[in-house]
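Here is the structure we will look at, set down as structure tokens.
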Amino acid sequence: MHGMVNKKHGATVILLSLLLLGMDGRPREGDELRQLGERRAQLAARIEALKQEQDFLLFQKSFAGSDSKYLLLDLRAGKGVLKYRNRVLRNFEFPRAKKNILSAMKKSVVTLSGKIDGSPRRRQLVFTDPILIIQSKHAPLSSGKDRHGTRILLSTKDLGAIFFAMEPGSMAYIMD
Amino acid sequence: MISRCKERQVLSLCLCASVALCSLLAQPIYAVEASSEVPLELLRAKVAALEQEATALEEQNQGLRQMLKEQEDNEVYIVVDTENNRLTLRQGNKVLLTAVVGTGSRQFIEEETGRNWYFESPLGSLTVLGKERNPVWIRPDWSYVEENMPVPAENDPDRIVREVLGKYALILGNGYKIHGTKYTDLLGTHFTHGCISVGDKDLEKLYKTVKIGTKVYIY
């Protein structure tokens, strides 16, 4: 009988203790903290994505009324577009970039700083900054100190078309 | 026996009381943490600010997207690649026609008087200003100079030449046209005096598809 009473007392006190523990408010605040932390991380990622999208939209907007032709280069997909205002002048393809190149060439705008003319296979378009070189896939391979920057290798026809369409100062948008 | 039971009861009560006391004593410690509302409040404020920033960016991007979309149209346009001698008829991102064409020879001639001509297709953004069936070629001065012939008067009937420009022509202005040619073997090369020469079938499709006002981008 007494044992039963003791057990009842014990159970009551333990339940009371648990109840009291629950009333201190800590678990709910902890939940909120965690939720806020997650939300903050989500929002930060969303804002970053929106900023990148805005960069691209502003880039296109800046060319909407411009007389300069420009390139959109999707290194991941290995696709490029030569555009004038909102018109596509030429689509072209090139070998997809490797992971290390993708990480080095994040979304950015590069400017054509030099055109190296010569035979169709030796023509080069040199963009900065970072350095990006568009050349023929049949061009002799450079190595060592000569091999700076990221290279996009095009068919000689595509390169010929783009080479003469772009002027120093022309821009290319690197898409991620 | 009773005293033993009482003793047990007292002990168990003490044990339970101590558990309860511990849990109560523990509360102020948590309360200190919980009452540290500065980081929580700060976090709430930061999240609210980020929400605002994201909303503002979304609105701005929406406006930009809308603006760019308004500039898009579904109009047909012509693109000429003078390096590779290719003409493309496009509508949005669709390619309606790709044709092998002839473009300016990039050659230079000079008359004894010093007048000179450089035969290059006009680069840039042009517009189809007119459409012609059975176009007539009015021979310009350079045509005579090129063949070492005396240049006739401006309205000399000798200048009128029929059936050399194909069945159709699209007028681009300044004497430049997209037209047919008798020299179909030369399509794909730089052989014209600046006009864009097109084969018969492609020319017919171009003529039927293109309207006056169609944009022509030559690069």
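Residue numbering restarts at 1 for every chain of the structure tokens, chains are lettered A, B, ... in their displayed order, and ligands are numbered from 1 as they appear.
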
Taking the chain letters and numbering used in this document, name the residues of region 57-185 of chain B that DSSP puts in strand (DSSP E or B), as a ChimeraX atom specification.
-> /B:76-81,86-91,94-104,108-110,116-118,124-127,130-133,136-138,160-162,168-173,176-179

Give me the residues within 7 Å of Leu112 (chain A) as a PDB file with C-alpha atoms, in the first residue's frame, counting only C-alpha atoms and dropping any in the same chain fewer than 5 places off.
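To be explicit, this is the file written out as selection-v6.pdb:
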```
ATOM      1  CA  LEU A 125      39.976  37.095 -79.244  1.00  0.00           C
ATOM      2  CA  VAL A 126      41.472  38.023 -75.884  1.00  0.00           C
ATOM      3  CA  PHE A 127      39.085  39.113 -73.137  1.00  0.00           C
ATOM      4  CA  THR A 128      39.897  40.426 -69.659  1.00  0.00           C
ATOM      5  CA  PRO A 168      37.863  45.900 -78.956  1.00  0.00           C
ATOM      6  CA  GLY A 169      35.701  46.956 -76.027  1.00  0.00           C
ATOM      7  CA  SER A 170      32.958  44.487 -76.943  1.00  0.00           C
ATOM      8  CA  MET A 171      31.700  42.488 -74.017  1.00  0.00           C
TER       9      MET A 171
END
```

Shell around region 140-144 of chain B at 10 Å using only C-alpha atoms, local window under 4 positions removed, as number ranges by chain | B: 109-111, 115-119, 148-154, 159-160, 175, 193

Can you check which residues of region 35-193 of chain B DSSP gives as alpha helix (DSSP H) on the backbone and send them as a ChimeraX atom specification?
-> /B:37-71,141-146

For the residues in that selection, give me N, CA and C atoms as a CSV table (one decimal), in the first residue's frame.
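As a result, part.csv now contains:
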```csv
chain,number,residue,atom,x,y,z
B,37,GLU,N,17.6,38.0,-25.0
B,37,GLU,CA,16.8,38.2,-26.2
B,37,GLU,C,17.5,39.0,-27.3
B,38,VAL,N,18.7,39.5,-26.9
B,38,VAL,CA,19.4,40.4,-27.9
B,38,VAL,C,19.7,39.6,-29.2
B,39,PRO,N,20.4,38.4,-29.1
B,39,PRO,CA,20.6,37.7,-30.3
B,39,PRO,C,19.4,37.3,-31.1
B,40,LEU,N,18.4,36.9,-30.3
B,40,LEU,CA,17.1,36.4,-30.9
B,40,LEU,C,16.5,37.6,-31.6
B,41,GLU,N,16.4,38.7,-30.9
B,41,GLU,CA,15.8,39.9,-31.5
B,41,GLU,C,16.6,40.4,-32.7
B,42,LEU,N,17.9,40.3,-32.5
B,42,LEU,CA,18.8,40.7,-33.6
B,42,LEU,C,18.6,39.9,-34.9
B,43,LEU,N,18.5,38.6,-34.6
B,43,LEU,CA,18.2,37.6,-35.7
B,43,LEU,C,16.9,37.9,-36.4
B,44,ARG,N,15.9,38.1,-35.5
B,44,ARG,CA,14.6,38.5,-36.1
B,44,ARG,C,14.7,39.7,-37.0
B,45,ALA,N,15.4,40.7,-36.5
B,45,ALA,CA,15.5,41.9,-37.3
B,45,ALA,C,16.3,41.7,-38.6
B,46,LYS,N,17.4,40.8,-38.5
B,46,LYS,CA,18.2,40.5,-39.6
B,46,LYS,C,17.4,39.8,-40.7
B,47,VAL,N,16.6,38.8,-40.2
B,47,VAL,CA,15.8,38.1,-41.2
B,47,VAL,C,14.7,39.0,-41.8
B,48,ALA,N,14.2,39.9,-41.0
B,48,ALA,CA,13.2,40.8,-41.6
B,48,ALA,C,13.8,41.7,-42.6
B,49,ALA,N,15.0,42.1,-42.4
B,49,ALA,CA,15.7,43.0,-43.3
B,49,ALA,C,16.0,42.2,-44.6
B,50,LEU,N,16.5,40.9,-44.4
B,50,LEU,CA,16.7,40.1,-45.6
B,50,LEU,C,15.5,39.8,-46.4
B,51,GLU,N,14.4,39.6,-45.7
B,51,GLU,CA,13.1,39.4,-46.4
B,51,GLU,C,12.8,40.7,-47.3
B,52,GLN,N,13.0,41.8,-46.7
B,52,GLN,CA,12.7,43.1,-47.4
B,52,GLN,C,13.6,43.2,-48.6
B,53,GLU,N,14.9,42.9,-48.4
B,53,GLU,CA,15.9,43.0,-49.5
B,53,GLU,C,15.5,42.0,-50.6
B,54,ALA,N,15.1,40.8,-50.3
B,54,ALA,CA,14.8,39.8,-51.3
B,54,ALA,C,13.5,40.3,-52.1
B,55,THR,N,12.6,40.8,-51.3
B,55,THR,CA,11.3,41.3,-52.0
B,55,THR,C,11.7,42.4,-52.9
B,56,ALA,N,12.5,43.3,-52.5
B,56,ALA,CA,12.9,44.5,-53.4
B,56,ALA,C,13.6,44.0,-54.6
B,57,LEU,N,14.5,43.0,-54.4
B,57,LEU,CA,15.2,42.5,-55.6
B,57,LEU,C,14.3,41.8,-56.6
B,58,GLU,N,13.4,41.0,-56.0
B,58,GLU,CA,12.4,40.3,-56.8
B,58,GLU,C,11.6,41.3,-57.7
B,59,GLU,N,11.2,42.4,-57.0
B,59,GLU,CA,10.4,43.4,-57.7
B,59,GLU,C,11.2,44.1,-58.8
B,60,GLN,N,12.4,44.4,-58.5
B,60,GLN,CA,13.3,45.0,-59.5
B,60,GLN,C,13.5,44.1,-60.7
B,61,ASN,N,13.8,42.8,-60.4
B,61,ASN,CA,14.1,41.9,-61.5
B,61,ASN,C,12.8,41.7,-62.3
B,62,GLN,N,11.7,41.7,-61.6
B,62,GLN,CA,10.4,41.5,-62.4
B,62,GLN,C,10.2,42.7,-63.4
B,63,GLY,N,10.6,43.9,-62.9
B,63,GLY,CA,10.5,45.0,-63.8
B,63,GLY,C,11.4,44.9,-64.9
B,64,LEU,N,12.6,44.5,-64.6
B,64,LEU,CA,13.6,44.4,-65.7
B,64,LEU,C,13.2,43.3,-66.7
B,65,ARG,N,12.7,42.2,-66.2
B,65,ARG,CA,12.3,41.1,-67.1
B,65,ARG,C,11.2,41.6,-68.0
B,66,GLN,N,10.2,42.3,-67.4
B,66,GLN,CA,9.1,42.8,-68.1
B,66,GLN,C,9.6,43.8,-69.2
B,67,MET,N,10.5,44.7,-68.9
B,67,MET,CA,11.0,45.6,-69.8
B,67,MET,C,11.7,44.9,-71.0
B,68,LEU,N,12.5,43.9,-70.7
B,68,LEU,CA,13.2,43.2,-71.8
B,68,LEU,C,12.2,42.4,-72.6
B,69,LYS,N,11.2,41.9,-72.0
B,69,LYS,CA,10.1,41.1,-72.7
B,69,LYS,C,9.4,42.0,-73.7
B,70,GLU,N,9.2,43.2,-73.2
B,70,GLU,CA,8.4,44.2,-74.1
B,70,GLU,C,9.3,44.5,-75.4
B,71,GLN,N,10.6,44.4,-75.2
B,71,GLN,CA,11.4,44.6,-76.4
B,71,GLN,C,11.5,43.5,-77.4
B,141,ASP,N,28.8,53.4,-112.4
B,141,ASP,CA,30.0,53.8,-113.1
B,141,ASP,C,31.1,52.7,-112.9
B,142,TRP,N,31.2,52.2,-111.7
B,142,TRP,CA,32.3,51.3,-111.4
B,142,TRP,C,32.3,50.0,-112.3
B,143,SER,N,31.0,49.7,-112.8
B,143,SER,CA,30.9,48.5,-113.6
B,143,SER,C,31.6,48.7,-115.0
B,144,TYR,N,31.6,50.0,-115.4
B,144,TYR,CA,32.3,50.3,-116.7
B,144,TYR,C,33.8,50.4,-116.4
B,145,VAL,N,34.1,51.1,-115.3
B,145,VAL,CA,35.6,51.3,-114.9
B,145,VAL,C,36.2,49.9,-114.8
B,146,GLU,N,35.5,49.0,-114.2
B,146,GLU,CA,36.0,47.6,-113.9
B,146,GLU,C,36.4,46.9,-115.3
```

Which residues, written as a list in words, have at least one atom at most 9 Å from Leu186 (chain B), with only C-alpha atoms counted and residues fewer than 5 positions away on the same chain left out?
->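 Close residues of Leu186 (chain B): Val101, Gly102 and Phe191 of chain B.
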